[in-house]
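Heads up, the thing below is written out as structure tokens.
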Amino acid sequence: MDEKQRIEQLRKQLHEHNYRYYVENQPVISDQEFDFMMHELQDLEARHPEMADENSPTQRVGSDLNQEFQQVEHRYPMLSLANTYSEQEVGEWFNSVKKGLNGEDFDVCCEMKYDGLSISLTYEGGRLVRAVTRGDGVRGDDVTANVKTIRTIPLVLKSPEELADTVPYPQNFEIRGEILMPWKVFERLNAEREAAEEPLFANPRNAASGTLKSQKSELVASRQLDAYLYYLLGEDLPADGHFENLAIARSWGFKISEGMRKVKTLQEVIDFINYWDSERKNLPVATDGIVLKVNSLRQQRALGYTAKSPRWAIAYKFKAERACTRLNEVTYQVGRTGAVTPVANMEPVQLAGTTVKRATLNNEDFIRSFDLHIGDYVYVEKGGEIIPKIVGVDIDQRPIIARRVEFITHCPECGAKLVRYEGEAAHYCPNDAGCPPQIKGRIEHFISRKAMNIDSLGPETVDEYYRHGLIHNIADLYDIDVQQINGDGSRTKSAQKIVNGINASRQVPFERVVFALGIRFVGETSARLLARHFKNMDSLMSASLQELQEVEGVGEVIAKSVVSYFHQPENIEIINRLRNYGLQMSLSEEQLQGASDKLQGKSIVISGVFEHHSRDEYKALIEQHGGKNVGSISGKTSFILAGENMGPSKLQKAEKLGIAIVSEDEFLKMIE
């Protein structure tokens, strides 16, 4: 593989990991592995400027936006920090600061890097008025109602009279920090989920993020989240020193970490890092590194920012913790798509603040690469940010009678012979119509928010209905009536809510119905592309492999999967039943009538805040009229649809490349 091919491969992989980390909250690699891949891509792109691409992962910051919450623009952008993993790189940063300040003396504030969900709190007149997540760094989700349930965050500060002995707080200011789930709460929550046979949270950060994004504030309150605050912003701050401002904020009633220190020399920085690399294991919450900041706000302003991060701060990431324990057994789990995942069951061991007794083994090739035997002593890593995984084997401790791990040949749930498709690392159970985990998984996917959005149902209810024979596939949901699920008559209200939710899903647009079918490899985006190209289910069902591949964004793998899905009689039967139940099997009249090719071949960037329509509505309009939404500006961009408060960096780039700026009204006139 040459360097140009490696660039494309890295970009694809990093985009996927960005999505898993920021949108799904289900990372599959460690932060360190991600950063190493990112650094490699940055180096390769520097050597190949002809491969420049504004959509490269090196040009963007991931997003955790959840559309169920109102989005609010940050007064001050929330940029990510550059990461480093070695003392040498810390030294390079220290020297770059010295050079940037022309040799002027400076202090460094050393503090813990907490592994949670970033939050920005705005106070006016000493009262909490808004809490916003980091989002994409420019705007985030307003989660004020949920944050108010966190007891360590003050809702109202003491009056100026009560704070007579300390520096008064400004009329308006912002304080940022991290929302965390303590280890004890995390372990209790996962124990409860395990008892209920629910999926476990991978780590406290994911648990905290999922909790804070809940639509029910009472659930947030029950999870006992915590918060540590680490950055004060505003026009009238009490001091020029970051360390001093936080000390004053502590006196106002904010929870500020005691594990901070202001130092002058590089050696003092290294000593701080080494101390906490060991001592952090005794903290009640997850940490994954140290943050180093130039202490003076004046010097921070002088040093400024790069496109993605401040020059005056850096994050040192701890290496993942490792432990050695005994492999007792390998079991196998079957997912919604039929993929079979081997799981290592081990002697319990303490690692990164939790008790670890299971680790994913990925696939057969992974098992063979370690030549795993039952009874082996294996090395397990878990940096606090990922599900535990085996990273090595101590061959010297292998028992004489140890038995090699042989990958199963038949499905552990239904007994079907497993298959392994060409180019795939995983084994699959092909019995998708009769394998219980696959059936239930497809139903759970069908009812999910981005699919049919039947929020009155959940995995536990699906499992109950399946076990009682009420549902065997997604179409069976529409046969359910109140009497069937009312039990002894005491659940009339909840039963009616479920039936109402199922009935309401009949109005879900066609493109989401395509996604809800759960066709392998057909995600939300490809489902929308297919729906808008073929316009109705009959055309999609009869499409040939070649016709499917003519859809931009649909490759051979997706096309083959679609053809295979519609060649199975049981799937055709389900679709016909869904049609008879009244589900949307074509684009709406409004979509069909409004469609045109006025934007055909145009790549359009959306930026700013709009008056007449939301950003999502404008994205839909662009696609409806043949255009293509792109995330960042490049020489291939046709024009920018710009609202109020367009980002200055985008405006500058557009002017440099000579790209047209189109206002909201001009755009609407363009498409009439």
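Every chain in the structure tokens takes a letter, A first, then B, and so on in the order presented; its residues are numbered from 1, and the ligands are numbered from 1 following the presented order.
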Shell around Lys636 (chain A) at 12 Å using only C-alpha atoms, local window under 4 positions removed, as a ChimeraX atom specification: /A:52-55,601-605,628-632,640,654,657-660
Would you mind listing what lies within 8 Å of Asn295 (chain A) as a list in words, with only C-alpha atoms counted and same-chain residues fewer than 3 positions away left out?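 In the requested format, the answer is Phe106, Asp107, Val108, Cys109, Gly241, His242, Phe243, Lys262, Gln299 and Gln300 of chain A.
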Based on the backbone DSSP call, show me all residues of region 178-299 of chain A assigned strand (DSSP E), as a list in words. Glu178, Ile179, Leu180, Asp226, Ala227, Tyr228, Leu229, Tyr230, Tyr231, Leu232, Leu233, Arg261, Lys262, Val263, Thr287, Asp288, Gly289, Ile290, Val291, Leu292, Lys293 and Val294 of chain A
Generate a file of the selected residues that holds N, CA, C and O atoms, formatted as a JSON list (two decimals), in the first residue's frame.
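out-v8.json, written as the output of this step:
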```json
[["chain", "number", "residue", "atom", "x", "y", "z"],
["A", 178, "GLU", "N", -16.34, 19.36, 33.83],
["A", 178, "GLU", "CA", -16.62, 18.01, 33.34],
["A", 178, "GLU", "C", -17.71, 17.38, 34.19],
["A", 178, "GLU", "O", -17.64, 17.40, 35.43],
["A", 179, "ILE", "N", -18.73, 16.84, 33.54],
["A", 179, "ILE", "CA", -19.76, 16.06, 34.22],
["A", 179, "ILE", "C", -19.26, 14.63, 34.30],
["A", 179, "ILE", "O", -18.86, 14.04, 33.29],
["A", 180, "LEU", "N", -19.29, 14.04, 35.49],
["A", 180, "LEU", "CA", -18.69, 12.73, 35.72],
["A", 180, "LEU", "C", -19.64, 11.79, 36.44],
["A", 180, "LEU", "O", -20.50, 12.24, 37.21],
["A", 226, "ASP", "N", -21.64, 13.74, 39.13],
["A", 226, "ASP", "CA", -20.80, 14.70, 39.84],
["A", 226, "ASP", "C", -20.22, 15.67, 38.80],
["A", 226, "ASP", "O", -20.38, 15.48, 37.60],
["A", 227, "ALA", "N", -19.57, 16.72, 39.27],
["A", 227, "ALA", "CA", -18.96, 17.68, 38.35],
["A", 227, "ALA", "C", -17.73, 18.31, 38.98],
["A", 227, "ALA", "O", -17.73, 18.63, 40.17],
["A", 228, "TYR", "N", -16.68, 18.45, 38.18],
["A", 228, "TYR", "CA", -15.49, 19.20, 38.57],
["A", 228, "TYR", "C", -15.32, 20.34, 37.57],
["A", 228, "TYR", "O", -15.39, 20.12, 36.35],
["A", 229, "LEU", "N", -15.09, 21.55, 38.07],
["A", 229, "LEU", "CA", -15.01, 22.73, 37.21],
["A", 229, "LEU", "C", -13.57, 23.22, 37.14],
["A", 229, "LEU", "O", -12.84, 23.17, 38.13],
["A", 230, "TYR", "N", -13.18, 23.67, 35.93],
["A", 230, "TYR", "CA", -11.75, 23.94, 35.74],
["A", 230, "TYR", "C", -11.41, 25.16, 34.88],
["A", 230, "TYR", "O", -10.26, 25.37, 34.54],
["A", 231, "TYR", "N", -12.39, 25.97, 34.53],
["A", 231, "TYR", "CA", -12.04, 27.11, 33.65],
["A", 231, "TYR", "C", -13.08, 28.21, 33.81],
["A", 231, "TYR", "O", -14.28, 27.97, 33.63],
["A", 232, "LEU", "N", -12.62, 29.41, 34.14],
["A", 232, "LEU", "CA", -13.50, 30.57, 34.34],
["A", 232, "LEU", "C", -13.32, 31.53, 33.17],
["A", 232, "LEU", "O", -12.19, 31.85, 32.78],
["A", 233, "LEU", "N", -14.45, 32.00, 32.59],
["A", 233, "LEU", "CA", -14.41, 32.92, 31.46],
["A", 233, "LEU", "C", -15.34, 34.09, 31.71],
["A", 233, "LEU", "O", -16.37, 33.95, 32.37],
["A", 261, "ARG", "N", -1.81, 22.38, 40.73],
["A", 261, "ARG", "CA", -0.57, 22.97, 41.23],
["A", 261, "ARG", "C", -0.04, 23.95, 40.20],
["A", 261, "ARG", "O", -0.08, 23.68, 39.00],
["A", 262, "LYS", "N", 0.45, 25.09, 40.68],
["A", 262, "LYS", "CA", 1.08, 26.08, 39.80],
["A", 262, "LYS", "C", 2.59, 25.93, 39.90],
["A", 262, "LYS", "O", 3.14, 25.96, 41.00],
["A", 263, "VAL", "N", 3.25, 25.72, 38.74],
["A", 263, "VAL", "CA", 4.69, 25.47, 38.75],
["A", 263, "VAL", "C", 5.39, 26.40, 37.75],
["A", 263, "VAL", "O", 4.74, 27.03, 36.91],
["A", 287, "THR", "N", -10.03, 9.48, 35.44],
["A", 287, "THR", "CA", -9.15, 10.47, 34.83],
["A", 287, "THR", "C", -8.34, 9.77, 33.75],
["A", 287, "THR", "O", -8.10, 8.56, 33.83],
["A", 288, "ASP", "N", -7.93, 10.50, 32.74],
["A", 288, "ASP", "CA", -7.12, 9.86, 31.69],
["A", 288, "ASP", "C", -5.89, 10.67, 31.33],
["A", 288, "ASP", "O", -5.25, 10.42, 30.32],
["A", 289, "GLY", "N", -5.56, 11.68, 32.17],
["A", 289, "GLY", "CA", -4.35, 12.43, 31.87],
["A", 289, "GLY", "C", -4.21, 13.68, 32.72],
["A", 289, "GLY", "O", -4.89, 13.85, 33.74],
["A", 290, "ILE", "N", -3.31, 14.54, 32.28],
["A", 290, "ILE", "CA", -3.02, 15.80, 32.94],
["A", 290, "ILE", "C", -3.19, 16.93, 31.92],
["A", 290, "ILE", "O", -2.80, 16.78, 30.76],
["A", 291, "VAL", "N", -3.78, 18.04, 32.34],
["A", 291, "VAL", "CA", -3.89, 19.22, 31.48],
["A", 291, "VAL", "C", -2.90, 20.27, 31.98],
["A", 291, "VAL", "O", -2.83, 20.56, 33.17],
["A", 292, "LEU", "N", -2.14, 20.82, 31.05],
["A", 292, "LEU", "CA", -1.15, 21.85, 31.35],
["A", 292, "LEU", "C", -1.58, 23.15, 30.67],
["A", 292, "LEU", "O", -1.83, 23.16, 29.46],
["A", 293, "LYS", "N", -1.68, 24.24, 31.45],
["A", 293, "LYS", "CA", -2.11, 25.51, 30.90],
["A", 293, "LYS", "C", -1.15, 26.63, 31.33],
["A", 293, "LYS", "O", -0.75, 26.67, 32.49],
["A", 294, "VAL", "N", -0.83, 27.50, 30.40],
["A", 294, "VAL", "CA", -0.12, 28.72, 30.78],
["A", 294, "VAL", "C", -1.05, 29.48, 31.72],
["A", 294, "VAL", "O", -2.22, 29.70, 31.40]]
```
Excluding region 314-324 of chain A and residues on its chain fewer than 3 positions from it, collect all residues at most 7 Å away from it, counting only C-alpha atoms, and give them as a ChimeraX atom specification. /A:81-85,277,288-293,351-352,377-383
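Of the residues listed (A:Pro459, A:Gly392, A:Gly338, A:Pro412), A:Gly392 shows the shortest atom-to-atom separation from Ser369 (chain A); distances use only C-alpha atoms.
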